[in-house]
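Student: Here it is: the structure, laid out below.
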Amino acid sequence: MTLTRRDFLKVGTIGGAAATVFGFDLAPAYAQLRELKIARATETRSTCPYCSVSCGILIYTLGDKAKNVTPQVVHVEGDPDHPINRGTLCPKGASLEQDILNPRRLLKPQVRRPGSDHWEDIPWETAIDEIAHWTKKTRDASFVDKDKDGKTVNRCEGIAFTGGCTDTNEFNYLIVKTMRSLGVCYLENQARV
Ligand code: SF4
């Protein structure tokens, strides 16, 4: 039997309702589960990096008390004492743990060559050299200093940049500064900077 996401939500809702009707209150069990999950963890206060709302978060890590153990994030949640969000997080902020631990996270630059049907890993040095080369070449070829009425516009019409939802505020700040200094008009990011 295949279970769609919608079926799964329906089953979850019915299960929750049935548990209440038949006298099972699962709230204490969920609370206990949370306590078990973070029982031996270290709590660190931080700020969600995803947008300029800057919600407060609590990050729980295991294993950072021994010298030879790499700390492992086991749980992230909204900080109830934070004046901005008072413990709440939007869906993106609530998924922070998966962003940190996601096994599909890309750790190397990738490129899809013209005519190719797949992406290939390339070294950081190659990526930086190629980006610099193509940015210069494209900007030189597409820069418009004056519009048709002779007004100075200094815009680069051949380059567009779009940021991803998991780019941080700091990354987006640098991107906006860099792209504006190149004259790029077609620019979008999620941080509203
Ligand atoms: S992305 Fe969401 S959780 Fe993060 S700071 Fe913005 S509103 Fe808050």
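Naming works like this for the structure tokens: A, B, ... for the chains as they're shown, residue 1 at the start of each chain, ligands 1 onward in shown order.
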In range 8-191 of chain A, what's alpha helix (DSSP H) per DSSP? Answer as a ChimeraX atom specification?
Tutor: /A:8-21,27-38,91-94,96-101,124-142,169-182
Student: Within 8 Å of ligand 1, counting only C-alpha atoms and all ligand atoms, which protein or nucleic acid residues do you find, written as a PDB file with C-alpha atoms, in the first residue's frame?
Tutor:
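Here's the written file part-v6.pdb:
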ATOM      1  CA  THR A  47      19.876  33.275  16.196  1.00  0.00           C
ATOM      2  CA  CYS A  48      18.170  31.774  13.150  1.00  0.00           C
ATOM      3  CA  PRO A  49      20.350  32.775  10.169  1.00  0.00           C
ATOM      4  CA  TYR A  50      17.664  32.651   7.495  1.00  0.00           C
ATOM      5  CA  CYS A  51      16.087  36.087   7.488  1.00  0.00           C
ATOM      6  CA  SER A  52      16.237  39.507   9.078  1.00  0.00           C
ATOM      7  CA  VAL A  53      13.465  38.710  11.577  1.00  0.00           C
ATOM      8  CA  SER A  54      16.322  37.104  13.594  1.00  0.00           C
ATOM      9  CA  CYS A  55      14.329  34.693  15.747  1.00  0.00           C
ATOM     10  CA  GLY A  56      16.044  33.279  18.830  1.00  0.00           C
ATOM     11  CA  GLY A  78      12.574  28.318  19.222  1.00  0.00           C
ATOM     12  CA  ASN A  85       9.695  35.106  18.552  1.00  0.00           C
ATOM     13  CA  THR A  88       7.943  30.191  17.815  1.00  0.00           C
ATOM     14  CA  LEU A  89       9.681  29.536  14.491  1.00  0.00           C
ATOM     15  CA  CYS A  90       8.403  29.681  10.925  1.00  0.00           C
ATOM     16  CA  PRO A  91       8.610  26.409   8.925  1.00  0.00           C
ATOM     17  CA  LYS A  92      12.011  27.331   7.536  1.00  0.00           C
ATOM     18  CA  GLY A  93      13.466  28.079  10.959  1.00  0.00           C
ATOM     19  CA  ALA A  94      11.829  24.937  12.345  1.00  0.00           C
TER      20      ALA A  94
END
Student: Please provide as a PyMOL selection string all residues within 10 Å of Asp121 in chain A, with the sequence filter that same-chain residues fewer than 3 positions apart are discarded (counting only C-alpha atoms).
Tutor: chain A and resi 106-112+124+127
Student: For range 176-191 of chain A, list every protein, DNA or RNA residue within 7 Å, evaluated using only C-alpha atoms, and leave out those in the same chain fewer than 2 positions away; present the list as a list in words.
Tutor: Tyr50, Cys51, Ser52, Asn154, Arg155, Cys156, Glu157, Ile159, Ala160, Phe161, Thr162, Gly163, Gly164, Cys165, Asn169, Asn172, Tyr173, Leu174 and Val193 of chain A
Student: Could you check the closest approach to Ala39 in chain A for each of A:His75, A:Trp134, A:Thr70, A:Thr126 and tell me which residue wins, using only C-alpha atoms?
Tutor: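 Checking each of A:His75, A:Trp134, A:Thr70, A:Thr126 against Ala39 in chain A, counting only C-alpha atoms, the winner is A:His75.
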Student: Given only C-alpha atoms as the basis, pick out the residue of A:Pro71, A:Gly63, A:Gly158, A:Pro123 nearest to Arg139 in chain A.
Tutor: A:Gly158
Student: Compare A:Asp149, A:Glu125, A:Glu130, A:Glu77 by their minimum atom-to-atom distance to Ile57 in chain A, counting only C-alpha atoms, and give me the closest one.
Tutor: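 Using only C-alpha atoms, the shortest distance to Ile57 in chain A belongs to A:Glu77.
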Student: Going by DSSP on the backbone, which residues of chain A come out as strand (DSSP E)? List them as an MDAnalysis selection string.
Tutor: chainID A and resid 42:47 56:62 72:78 110:111 120:121 143:146 152:162 184:188
Student: So how far away is CA of Glu43 in chain A from CA of Tyr60 in chain A, in Å?
Tutor: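 Separation of CA of Tyr60 in chain A and CA of Glu43 in chain A: 4.7 Å.
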